[in-house]
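Contents: one structure, followed by commentary.
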Amino acid sequence: MIRTRFAPSPNGPLHLGHAYAAIRAHDLARTRGGQFLLRIEDIDGERSRREWIDEHLADLAWLGLAWDAPPVFQSSRLDAYREAGDGLKAAGLLYPCRCTRAEIAAASTHAGPDGPIYPGTCRGRHVDPAGAAWRLDMAKAIERAGPLEWTDEIAGPQAARPERFGDVVLLRKELPASYHLAATLDDAADGVTLVTRGMDLFAASHVHRLLQALLGLPVPVWHHHPLLVEADGRKLAKRRGSGAGAFGLADRRRAGGDGRALADALRAGDLPAGISLSQGLH
Ligand code: GLU
């Protein structure tokens with residue numbers, strides 16, 4: 001049976017782009033007789049807030065979306081992340097790193113999908129692991145896993161190219177996980193068969209496919225959908241303030257807007273003024 005999920009981070013108000021993503025994951029499950037799950041990605045301790053979780057749940061219900069199991073909270077899964085991290089350490093695939101963002105930015109010579117590529121400063125060096133972040137030795141991991149493929153329903157078959165990310169952080173300094181590790185483990189633990197999310201995370205799927213191979217996890221199919229963009233072509237984003245005002249779900253809900261009608265309009269491609277769907281998939 002197909003199973004999809006929507007995985008909001010409770011670090012700010014949801015906007016129309018989140019509504020579009022949630023509706024898409026929900027409807028893909030419904031039209032194919034499957035299940036739709038909700039996962040709260042609440043492990044970013046500095047920015048996650050309980051009140052945002054309540055707001056997100058209210059927004060999704062307002063849109064007329066229902067999920068088929070109680071929401072899963074990443075904060076309840078730290079032991080599973082730790083265990084997977086320990087396995088990767090034991091396999092010699094992780095190394096501790098104490099570099100600061102500024103040091104990395106100064107020494108990096110390439111930009112990757114997530115920012116400057118780590119220049120490898122701590123790889124092969126003795127670094128005190130206490131309080132350090134742990135990075136994946138990408139070259140070693142790729143060699144261990146061999147050639148990998150994955151499939152996006154829209155873009156078709158892909159040869160995995162995780163090397164574009166360099167040595168990504170898998171365990172953060174203050175957390176036994178990072179987005180890449182937690183999302184990959186959770187999708188497997190929850191039996192997600194169709195990972196539905198915006199195409200801004202298309203590149204991340206190369207890393208997730210590699211982690212699945214290293215951790216012996218099942219391989220889902222992906223569905224990376226277009227994004228809602230503003231007139232300047234930039235995607236709606238919390239950090240740009242898209243969660244407030246006309247593009248914000250909670251503000252529309254509080255103003256007495258009809259959430260189900262909004263959801264139907266988004267389904268029909270009838271987008272509010274100033275918003276369009278991004279073209280292209282990469
Ligand atoms: N929590 C992520 C976000 O809000 C989504 C992660 C995912 O769908 O894999 O952008």
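Starting from 1 in every chain, residues are counted up; chains themselves are A, B, ... following the order of the structure tokens, and ligands are numbered from 1 as listed.
Non-sequential neighbours of Glu149 in chain A (distance at most 10 Å, separation of 2 or more positions within a chain, only C-alpha atoms) are Pro147, Thr151, Pro157, Gln158, Ala159, Ala160, Arg161, His206, Arg209, Leu210 and Val219 of chain A.
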Site check for ligand 1: residues at most 7 Å away, only C-alpha atoms and all ligand atoms, as a ChimeraX atom specification: /A:6-9,41,183,196-197
Who sits within 12 Å of Leu185 in chain A, only C-alpha atoms, same chain under 6 positions skipped, as a PDB file with N, CA, C and O atoms, in the first residue's frame:
ATOM      1  N   GLN A  74       9.670  13.806  15.753  1.00  0.00           N
ATOM      2  CA  GLN A  74      11.083  13.390  15.683  1.00  0.00           C
ATOM      3  C   GLN A  74      11.747  13.432  17.054  1.00  0.00           C
ATOM      4  O   GLN A  74      12.654  12.647  17.315  1.00  0.00           O
ATOM      5  N   ARG A  77      12.325  10.220  18.807  1.00  0.00           N
ATOM      6  CA  ARG A  77      13.064   9.176  18.096  1.00  0.00           C
ATOM      7  C   ARG A  77      14.576   9.297  18.232  1.00  0.00           C
ATOM      8  O   ARG A  77      15.328   8.703  17.456  1.00  0.00           O
ATOM      9  N   LEU A  78      15.014  10.072  19.222  1.00  0.00           N
ATOM     10  CA  LEU A  78      16.454  10.339  19.309  1.00  0.00           C
ATOM     11  C   LEU A  78      17.263   9.074  19.526  1.00  0.00           C
ATOM     12  O   LEU A  78      18.376   8.939  19.017  1.00  0.00           O
ATOM     13  N   ASP A  79      16.687   8.105  20.261  1.00  0.00           N
ATOM     14  CA  ASP A  79      17.426   6.853  20.506  1.00  0.00           C
ATOM     15  C   ASP A  79      17.689   6.101  19.196  1.00  0.00           C
ATOM     16  O   ASP A  79      18.773   5.538  18.995  1.00  0.00           O
ATOM     17  N   ALA A  80      16.683   6.094  18.330  1.00  0.00           N
ATOM     18  CA  ALA A  80      16.851   5.397  17.040  1.00  0.00           C
ATOM     19  C   ALA A  80      17.914   6.093  16.188  1.00  0.00           C
ATOM     20  O   ALA A  80      18.720   5.434  15.517  1.00  0.00           O
ATOM     21  N   TYR A  81      17.927   7.421  16.246  1.00  0.00           N
ATOM     22  CA  TYR A  81      18.947   8.151  15.468  1.00  0.00           C
ATOM     23  C   TYR A  81      20.345   7.837  16.017  1.00  0.00           C
ATOM     24  O   TYR A  81      21.299   7.622  15.276  1.00  0.00           O
ATOM     25  N   ARG A  82      20.425   7.831  17.376  1.00  0.00           N
ATOM     26  CA  ARG A  82      21.717   7.587  18.023  1.00  0.00           C
ATOM     27  C   ARG A  82      22.254   6.210  17.629  1.00  0.00           C
ATOM     28  O   ARG A  82      23.435   6.055  17.307  1.00  0.00           O
ATOM     29  N   GLU A  83      21.346   5.241  17.634  1.00  0.00           N
ATOM     30  CA  GLU A  83      21.744   3.861  17.308  1.00  0.00           C
ATOM     31  C   GLU A  83      22.268   3.775  15.867  1.00  0.00           C
ATOM     32  O   GLU A  83      23.295   3.145  15.596  1.00  0.00           O
ATOM     33  N   ALA A  84      21.569   4.416  14.957  1.00  0.00           N
ATOM     34  CA  ALA A  84      22.011   4.399  13.556  1.00  0.00           C
ATOM     35  C   ALA A  84      23.361   5.110  13.429  1.00  0.00           C
ATOM     36  O   ALA A  84      24.260   4.650  12.711  1.00  0.00           O
ATOM     37  N   GLY A  85      23.518   6.217  14.146  1.00  0.00           N
ATOM     38  CA  GLY A  85      24.786   6.961  14.106  1.00  0.00           C
ATOM     39  C   GLY A  85      25.919   6.107  14.642  1.00  0.00           C
ATOM     40  O   GLY A  85      27.021   6.082  14.073  1.00  0.00           O
ATOM     41  N   LEU A 170      26.037  14.365   9.685  1.00  0.00           N
ATOM     42  CA  LEU A 170      24.925  13.454   9.983  1.00  0.00           C
ATOM     43  C   LEU A 170      24.505  13.526  11.440  1.00  0.00           C
ATOM     44  O   LEU A 170      23.369  13.232  11.773  1.00  0.00           O
ATOM     45  N   ALA A 177      21.541  13.522  15.422  1.00  0.00           N
ATOM     46  CA  ALA A 177      20.986  13.404  14.065  1.00  0.00           C
ATOM     47  C   ALA A 177      21.176  14.721  13.329  1.00  0.00           C
ATOM     48  O   ALA A 177      21.645  15.711  13.892  1.00  0.00           O
ATOM     49  N   SER A 178      20.810  14.714  12.048  1.00  0.00           N
ATOM     50  CA  SER A 178      20.688  15.931  11.249  1.00  0.00           C
ATOM     51  C   SER A 178      19.443  15.688  10.407  1.00  0.00           C
ATOM     52  O   SER A 178      18.876  14.591  10.430  1.00  0.00           O
ATOM     53  N   TYR A 179      19.028  16.687   9.639  1.00  0.00           N
ATOM     54  CA  TYR A 179      17.847  16.485   8.785  1.00  0.00           C
ATOM     55  C   TYR A 179      18.002  15.232   7.933  1.00  0.00           C
ATOM     56  O   TYR A 179      17.083  14.394   7.868  1.00  0.00           O
ATOM     57  N   GLY A 191       7.294   3.388   7.208  1.00  0.00           N
ATOM     58  CA  GLY A 191       6.806   2.666   6.032  1.00  0.00           C
ATOM     59  C   GLY A 191       6.340   3.592   4.919  1.00  0.00           C
ATOM     60  O   GLY A 191       5.423   3.252   4.169  1.00  0.00           O
ATOM     61  N   VAL A 192       6.985   4.757   4.803  1.00  0.00           N
ATOM     62  CA  VAL A 192       6.634   5.685   3.719  1.00  0.00           C
ATOM     63  C   VAL A 192       7.137   5.096   2.398  1.00  0.00           C
ATOM     64  O   VAL A 192       8.319   4.777   2.269  1.00  0.00           O
ATOM     65  N   HIS A 208      19.956  10.837   0.691  1.00  0.00           N
ATOM     66  CA  HIS A 208      19.074   9.909   1.403  1.00  0.00           C
ATOM     67  C   HIS A 208      19.169   8.497   0.800  1.00  0.00           C
ATOM     68  O   HIS A 208      19.155   7.501   1.521  1.00  0.00           O
ATOM     69  N   ARG A 209      19.307   8.447  -0.527  1.00  0.00           N
ATOM     70  CA  ARG A 209      19.441   7.133  -1.170  1.00  0.00           C
ATOM     71  C   ARG A 209      20.728   6.436  -0.701  1.00  0.00           C
ATOM     72  O   ARG A 209      20.744   5.218  -0.470  1.00  0.00           O
ATOM     73  N   LEU A 211      22.236   6.932   2.197  1.00  0.00           N
ATOM     74  CA  LEU A 211      22.045   6.517   3.594  1.00  0.00           C
ATOM     75  C   LEU A 211      21.203   5.243   3.666  1.00  0.00           C
ATOM     76  O   LEU A 211      21.458   4.362   4.495  1.00  0.00           O
ATOM     77  N   GLN A 212      20.203   5.142   2.806  1.00  0.00           N
ATOM     78  CA  GLN A 212      19.394   3.915   2.796  1.00  0.00           C
ATOM     79  C   GLN A 212      20.270   2.698   2.511  1.00  0.00           C
ATOM     80  O   GLN A 212      20.118   1.654   3.148  1.00  0.00           O
ATOM     81  N   ALA A 213      21.191   2.853   1.564  1.00  0.00           N
ATOM     82  CA  ALA A 213      22.078   1.729   1.228  1.00  0.00           C
ATOM     83  C   ALA A 213      22.989   1.406   2.412  1.00  0.00           C
ATOM     84  O   ALA A 213      23.162   0.240   2.777  1.00  0.00           O
ATOM     85  N   LEU A 214      23.543   2.432   3.049  1.00  0.00           N
ATOM     86  CA  LEU A 214      24.489   2.192   4.149  1.00  0.00           C
ATOM     87  C   LEU A 214      23.791   1.593   5.360  1.00  0.00           C
ATOM     88  O   LEU A 214      24.391   0.826   6.123  1.00  0.00           O
ATOM     89  N   LEU A 215      22.521   1.955   5.566  1.00  0.00           N
ATOM     90  CA  LEU A 215      21.800   1.527   6.766  1.00  0.00           C
ATOM     91  C   LEU A 215      20.889   0.329   6.504  1.00  0.00           C
ATOM     92  O   LEU A 215      20.185  -0.134   7.416  1.00  0.00           O
ATOM     93  N   GLY A 216      20.885  -0.164   5.264  1.00  0.00           N
ATOM     94  CA  GLY A 216      20.057  -1.334   4.949  1.00  0.00           C
ATOM     95  C   GLY A 216      18.565  -1.050   5.043  1.00  0.00           C
ATOM     96  O   GLY A 216      17.786  -1.883   5.498  1.00  0.00           O
ATOM     97  N   LEU A 217      18.157   0.137   4.599  1.00  0.00           N
ATOM     98  CA  LEU A 217      16.746   0.524   4.691  1.00  0.00           C
ATOM     99  C   LEU A 217      16.031   0.294   3.361  1.00  0.00           C
ATOM    100  O   LEU A 217      16.670   0.302   2.304  1.00  0.00           O
ATOM    101  N   PRO A 218      14.702   0.129   3.416  1.00  0.00           N
ATOM    102  CA  PRO A 218      13.951  -0.007   2.158  1.00  0.00           C
ATOM    103  C   PRO A 218      14.025   1.285   1.339  1.00  0.00           C
ATOM    104  O   PRO A 218      14.223   2.369   1.896  1.00  0.00           O
ATOM    105  N   VAL A 219      13.880   1.156   0.034  1.00  0.00           N
ATOM    106  CA  VAL A 219      14.009   2.313  -0.860  1.00  0.00           C
ATOM    107  C   VAL A 219      12.620   2.706  -1.371  1.00  0.00           C
ATOM    108  O   VAL A 219      11.982   1.930  -2.070  1.00  0.00           O
ATOM    109  N   PRO A 220      12.166   3.908  -1.023  1.00  0.00           N
ATOM    110  CA  PRO A 220      10.856   4.359  -1.517  1.00  0.00           C
ATOM    111  C   PRO A 220      10.978   4.923  -2.931  1.00  0.00           C
ATOM    112  O   PRO A 220      12.069   4.961  -3.507  1.00  0.00           O
TER     113      PRO A 220
END
For each of A:Ala182, A:Arg101, A:Asp251, A:Ser242, take the minimum atom-to-atom distance to Phe73 in chain A, counting only C-alpha atoms, then give the residue where this is smallest.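 Smallest separation from Phe73 in chain A among the options: A:Ala182.
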I'd like to know which of A:Ala107, A:Val229, A:Ala255, A:Leu60 is closest to Pro272 in chain A, using only C-alpha atoms. A:Val229
Run DSSP on the backbone and grab whatever in range 209-249 of chain A lands in helix (DSSP H, G or I); send it over as an mmCIF file with all heavy atoms, in the first residue's frame.
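As written to disk, result_16.cif reads:
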data_model
loop_
_atom_site.group_PDB
_atom_site.id
_atom_site.type_symbol
_atom_site.label_atom_id
_atom_site.label_comp_id
_atom_site.auth_asym_id
_atom_site.auth_seq_id
_atom_site.Cartn_x
_atom_site.Cartn_y
_atom_site.Cartn_z
ATOM 1 N N ARG A 209 19.307 8.447 -0.527
ATOM 2 C CA ARG A 209 19.441 7.133 -1.170
ATOM 3 C C ARG A 209 20.728 6.436 -0.701
ATOM 4 O O ARG A 209 20.744 5.218 -0.470
ATOM 5 C CB ARG A 209 19.450 7.313 -2.697
ATOM 6 C CG ARG A 209 19.619 6.012 -3.465
ATOM 7 C CD ARG A 209 18.420 5.098 -3.291
ATOM 8 N NE ARG A 209 18.659 3.763 -3.827
ATOM 9 C CZ ARG A 209 19.180 2.751 -3.125
ATOM 10 N NH1 ARG A 209 19.544 2.928 -1.858
ATOM 11 N NH2 ARG A 209 19.350 1.578 -3.678
ATOM 12 N N LEU A 210 21.794 7.211 -0.564
ATOM 13 C CA LEU A 210 23.054 6.639 -0.077
ATOM 14 C C LEU A 210 22.886 6.136 1.361
ATOM 15 O O LEU A 210 23.329 5.029 1.698
ATOM 16 C CB LEU A 210 24.159 7.700 -0.142
ATOM 17 C CG LEU A 210 25.508 7.328 0.473
ATOM 18 C CD1 LEU A 210 26.139 6.138 -0.271
ATOM 19 C CD2 LEU A 210 26.472 8.520 0.446
ATOM 20 N N LEU A 211 22.236 6.932 2.197
ATOM 21 C CA LEU A 211 22.045 6.517 3.594
ATOM 22 C C LEU A 211 21.203 5.243 3.666
ATOM 23 O O LEU A 211 21.458 4.362 4.495
ATOM 24 C CB LEU A 211 21.387 7.642 4.404
ATOM 25 C CG LEU A 211 22.238 8.899 4.591
ATOM 26 C CD1 LEU A 211 21.461 9.953 5.371
ATOM 27 C CD2 LEU A 211 23.547 8.572 5.311
ATOM 28 N N GLN A 212 20.203 5.142 2.806
ATOM 29 C CA GLN A 212 19.394 3.915 2.796
ATOM 30 C C GLN A 212 20.270 2.698 2.511
ATOM 31 O O GLN A 212 20.118 1.654 3.148
ATOM 32 C CB GLN A 212 18.284 4.017 1.739
ATOM 33 C CG GLN A 212 17.161 4.951 2.165
ATOM 34 C CD GLN A 212 16.423 5.560 0.998
ATOM 35 O OE1 GLN A 212 16.699 5.258 -0.173
ATOM 36 N NE2 GLN A 212 15.478 6.434 1.299
ATOM 37 N N ALA A 213 21.191 2.853 1.564
ATOM 38 C CA ALA A 213 22.078 1.729 1.228
ATOM 39 C C ALA A 213 22.989 1.406 2.412
ATOM 40 O O ALA A 213 23.162 0.240 2.777
ATOM 41 C CB ALA A 213 22.907 2.068 -0.010
ATOM 42 N N LEU A 214 23.543 2.432 3.049
ATOM 43 C CA LEU A 214 24.489 2.192 4.149
ATOM 44 C C LEU A 214 23.791 1.593 5.360
ATOM 45 O O LEU A 214 24.391 0.826 6.123
ATOM 46 C CB LEU A 214 25.163 3.509 4.559
ATOM 47 C CG LEU A 214 26.013 4.193 3.481
ATOM 48 C CD1 LEU A 214 26.503 5.541 3.991
ATOM 49 C CD2 LEU A 214 27.203 3.308 3.078
ATOM 50 N N LEU A 215 22.521 1.955 5.566
ATOM 51 C CA LEU A 215 21.800 1.527 6.766
ATOM 52 C C LEU A 215 20.889 0.329 6.504
ATOM 53 O O LEU A 215 20.185 -0.134 7.416
ATOM 54 C CB LEU A 215 20.968 2.701 7.317
ATOM 55 C CG LEU A 215 21.795 3.884 7.837
ATOM 56 C CD1 LEU A 215 20.926 5.140 7.973
ATOM 57 C CD2 LEU A 215 22.436 3.533 9.184
ATOM 58 N N LYS A 238 9.563 30.607 4.925
ATOM 59 C CA LYS A 238 9.331 31.182 6.250
ATOM 60 C C LYS A 238 10.301 32.325 6.518
ATOM 61 O O LYS A 238 9.925 33.363 7.049
ATOM 62 C CB LYS A 238 9.549 30.114 7.336
ATOM 63 C CG LYS A 238 8.454 29.083 7.433
ATOM 64 C CD LYS A 238 8.762 28.166 8.615
ATOM 65 C CE LYS A 238 7.929 26.913 8.560
ATOM 66 N NZ LYS A 238 8.713 25.692 8.714
ATOM 67 N N ARG A 239 11.560 32.121 6.135
ATOM 68 C CA ARG A 239 12.540 33.152 6.487
ATOM 69 C C ARG A 239 12.355 34.425 5.675
ATOM 70 O O ARG A 239 12.904 35.467 6.011
ATOM 71 C CB ARG A 239 13.970 32.621 6.400
ATOM 72 C CG ARG A 239 14.411 32.173 5.059
ATOM 73 C CD ARG A 239 15.872 31.732 5.062
ATOM 74 N NE ARG A 239 16.215 31.190 3.775
ATOM 75 C CZ ARG A 239 15.892 29.966 3.383
ATOM 76 N NH1 ARG A 239 15.251 29.156 4.183
ATOM 77 N NH2 ARG A 239 16.203 29.537 2.174
ATOM 78 N N ARG A 240 11.562 34.363 4.627
ATOM 79 C CA ARG A 240 11.218 35.586 3.880
ATOM 80 C C ARG A 240 9.931 36.193 4.395
ATOM 81 O O ARG A 240 9.394 37.114 3.801
ATOM 82 C CB ARG A 240 11.020 35.258 2.400
ATOM 83 C CG ARG A 240 12.277 34.914 1.652
ATOM 84 C CD ARG A 240 11.961 34.669 0.194
ATOM 85 N NE ARG A 240 11.597 35.891 -0.513
ATOM 86 C CZ ARG A 240 10.967 35.913 -1.688
ATOM 87 N NH1 ARG A 240 10.612 34.805 -2.267
ATOM 88 N NH2 ARG A 240 10.695 37.052 -2.271
ATOM 89 N N GLY A 245 0.543 37.227 6.833
ATOM 90 C CA GLY A 245 -0.213 38.004 5.853
ATOM 91 C C GLY A 245 -0.935 37.124 4.851
ATOM 92 O O GLY A 245 -1.322 36.004 5.156
ATOM 93 N N ALA A 246 -1.059 37.627 3.618
ATOM 94 C CA ALA A 246 -1.919 36.977 2.613
ATOM 95 C C ALA A 246 -1.449 35.566 2.257
ATOM 96 O O ALA A 246 -2.244 34.730 1.844
ATOM 97 C CB ALA A 246 -1.947 37.823 1.352
ATOM 98 N N PHE A 247 -0.152 35.296 2.393
ATOM 99 C CA PHE A 247 0.343 33.967 2.047
ATOM 100 C C PHE A 247 0.370 33.026 3.249
ATOM 101 O O PHE A 247 0.671 31.848 3.121
ATOM 102 C CB PHE A 247 1.768 34.050 1.462
ATOM 103 C CG PHE A 247 1.869 34.895 0.226
ATOM 104 C CD1 PHE A 247 3.075 35.479 -0.136
ATOM 105 C CD2 PHE A 247 0.760 35.102 -0.590
ATOM 106 C CE1 PHE A 247 3.175 36.261 -1.280
ATOM 107 C CE2 PHE A 247 0.850 35.877 -1.731
ATOM 108 C CZ PHE A 247 2.057 36.464 -2.083
ATOM 109 N N LEU A 249 -1.028 30.739 6.332
ATOM 110 C CA LEU A 249 -2.240 29.944 6.569
ATOM 111 C C LEU A 249 -2.953 30.378 7.845
ATOM 112 O O LEU A 249 -4.168 30.531 7.867
ATOM 113 C CB LEU A 249 -1.891 28.458 6.640
ATOM 114 C CG LEU A 249 -1.232 27.860 5.391
ATOM 115 C CD1 LEU A 249 -1.125 26.344 5.536
ATOM 116 C CD2 LEU A 249 -2.015 28.216 4.130
#
Please determine, counting only C-alpha atoms, which residue among A:Asp86, A:Lys173, A:His110, A:Ala29 has the shortest atom-to-atom distance to Gly45 in chain A.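 With only C-alpha atoms as the atom set, the closest residue is A:Lys173.
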Identify, on the basis of only C-alpha atoms, every residue whose closest approach to Gly198 in chain A does not exceed 10 Å; exclude the query and any residue fewer than 2 positions from it along the same chain; express the result as a PDB file with N, CA and C atoms, in the first residue's frame.
ATOM      1  N   GLY A  17       2.734  27.565   0.330  1.00  0.00           N
ATOM      2  CA  GLY A  17       3.581  26.494  -0.219  1.00  0.00           C
ATOM      3  C   GLY A  17       3.467  25.227   0.609  1.00  0.00           C
ATOM      4  N   HIS A  18       3.370  25.388   1.932  1.00  0.00           N
ATOM      5  CA  HIS A  18       3.175  24.215   2.785  1.00  0.00           C
ATOM      6  C   HIS A  18       1.806  23.591   2.513  1.00  0.00           C
ATOM      7  N   TYR A  20       0.167  23.635  -0.239  1.00  0.00           N
ATOM      8  CA  TYR A  20       0.245  22.929  -1.520  1.00  0.00           C
ATOM      9  C   TYR A  20       0.932  21.568  -1.346  1.00  0.00           C
ATOM     10  N   ALA A  21       2.029  21.548  -0.590  1.00  0.00           N
ATOM     11  CA  ALA A  21       2.776  20.302  -0.375  1.00  0.00           C
ATOM     12  C   ALA A  21       1.935  19.292   0.407  1.00  0.00           C
ATOM     13  N   ARG A  24      -0.869  17.904  -1.723  1.00  0.00           N
ATOM     14  CA  ARG A  24      -0.345  16.977  -2.726  1.00  0.00           C
ATOM     15  C   ARG A  24      -0.069  15.606  -2.111  1.00  0.00           C
ATOM     16  N   VAL A 195       7.879   9.317  -1.042  1.00  0.00           N
ATOM     17  CA  VAL A 195       8.353  10.506  -0.322  1.00  0.00           C
ATOM     18  C   VAL A 195       7.959  11.734  -1.147  1.00  0.00           C
ATOM     19  N   THR A 196       6.924  12.412  -0.681  1.00  0.00           N
ATOM     20  CA  THR A 196       6.357  13.544  -1.415  1.00  0.00           C
ATOM     21  C   THR A 196       6.826  14.839  -0.772  1.00  0.00           C
ATOM     22  N   ASP A 200      12.674  21.634  -4.061  1.00  0.00           N
ATOM     23  CA  ASP A 200      13.843  22.230  -3.409  1.00  0.00           C
ATOM     24  C   ASP A 200      14.625  21.172  -2.635  1.00  0.00           C
ATOM     25  N   LEU A 201      14.000  20.027  -2.370  1.00  0.00           N
ATOM     26  CA  LEU A 201      14.709  18.954  -1.659  1.00  0.00           C
ATOM     27  C   LEU A 201      15.099  17.810  -2.607  1.00  0.00           C
ATOM     28  N   PHE A 202      14.986  18.065  -3.905  1.00  0.00           N
ATOM     29  CA  PHE A 202      15.338  17.017  -4.883  1.00  0.00           C
ATOM     30  C   PHE A 202      16.780  16.535  -4.657  1.00  0.00           C
ATOM     31  N   HIS A 223       8.514  11.770  -4.994  1.00  0.00           N
ATOM     32  CA  HIS A 223       7.637  12.621  -5.806  1.00  0.00           C
ATOM     33  C   HIS A 223       7.969  14.058  -5.401  1.00  0.00           C
ATOM     34  N   HIS A 224       8.853  14.685  -6.181  1.00  0.00           N
ATOM     35  CA  HIS A 224       9.234  16.079  -5.893  1.00  0.00           C
ATOM     36  C   HIS A 224       8.382  16.992  -6.765  1.00  0.00           C
ATOM     37  N   HIS A 225       7.544  17.772  -6.110  1.00  0.00           N
ATOM     38  CA  HIS A 225       6.589  18.574  -6.866  1.00  0.00           C
ATOM     39  C   HIS A 225       7.097  20.010  -7.042  1.00  0.00           C
ATOM     40  N   PRO A 226       6.512  20.730  -8.016  1.00  0.00           N
ATOM     41  CA  PRO A 226       6.891  22.137  -8.204  1.00  0.00           C
ATOM     42  C   PRO A 226       6.572  22.950  -6.946  1.00  0.00           C
ATOM     43  N   LEU A 227       7.179  24.116  -6.855  1.00  0.00           N
ATOM     44  CA  LEU A 227       7.006  24.979  -5.675  1.00  0.00           C
ATOM     45  C   LEU A 227       6.156  26.193  -6.022  1.00  0.00           C
ATOM     46  N   LEU A 228       5.528  26.750  -5.011  1.00  0.00           N
ATOM     47  CA  LEU A 228       4.850  28.031  -5.223  1.00  0.00           C
ATOM     48  C   LEU A 228       5.906  29.132  -5.132  1.00  0.00           C
ATOM     49  N   LEU A 281      12.178  20.990 -13.076  1.00  0.00           N
ATOM     50  CA  LEU A 281      12.258  20.141 -11.888  1.00  0.00           C
ATOM     51  C   LEU A 281      13.585  20.195 -11.165  1.00  0.00           C
TER      52      LEU A 281
END
Give me, as a list in words, all polymer residues having an atom no more than 12 Å from Pro119 in chain A, counting only C-alpha atoms and skipping those fewer than 4 positions away in the same chain.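 Everything that qualifies: Cys97, Cys99, Arg101, Glu103, Ile104, Ala105, Ala106, Ala107, Ser108, Thr109, His110, Ala111, Gly112, Gly115, Arg123, Arg135, Asp137, Met138, Phe165, Gly166, Asp167 and Val168 of chain A.
Interatomic distance, CA of Pro176 in chain A to CA of Trp134 in chain A: 9.1 Å.
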For Ile23 in chain A, the nearest of the candidates A:Pro10, A:Gly274, A:Gly64, A:Gly131, counting only C-alpha atoms: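 Once distances to Ile23 in chain A are computed over only C-alpha atoms, the minimum belongs to A:Gly64.
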Just how far from CA of Thr31 in chain A is CA of Arg260 in chain A, in Å to one decimal? 17.4 Å
Neighbour list for Phe36 in chain A as JSON, numbers by chain, cut-off 8 Å, only C-alpha atoms, skip fewer than 6 positions in-chain: {"A": [3, 4, 5, 6, 25, 26, 29, 30, 66, 67, 68]}
Just the selected residues (C-alpha atoms), exported as a short mmCIF file (atom, residue, chain, number, x, y, z; two decimals), in the first residue's frame, please.
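Output file part-v8.cif follows:
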data_model
loop_
_atom_site.label_atom_id
_atom_site.label_comp_id
_atom_site.auth_asym_id
_atom_site.auth_seq_id
_atom_site.Cartn_x
_atom_site.Cartn_y
_atom_site.Cartn_z
CA ARG A 3 2.01 5.73 2.13
CA THR A 4 2.90 9.41 1.89
CA ARG A 5 3.72 12.02 4.51
CA PHE A 6 3.91 15.73 5.15
CA ALA A 25 0.89 14.30 -0.29
CA HIS A 26 -2.61 13.84 1.11
CA ALA A 29 -2.41 8.82 -0.87
CA ARG A 30 -6.18 9.24 -1.13
CA ALA A 66 -6.88 14.33 7.85
CA TRP A 67 -4.01 11.97 8.64
CA ASP A 68 -4.32 8.23 9.17
#
Could you pull out the strand (DSSP E or B) residues of range 74-282 of chain A from DSSP and send them as a ChimeraX atom specification? /A:94-97,111-112,115-116,133-136,149-152,156-159,169-171,194-198,221-225,228-230,235,248,275-277
CA of Pro162 in chain A sits from CA of Ala132 in chain A at a separation of 22.9 Å
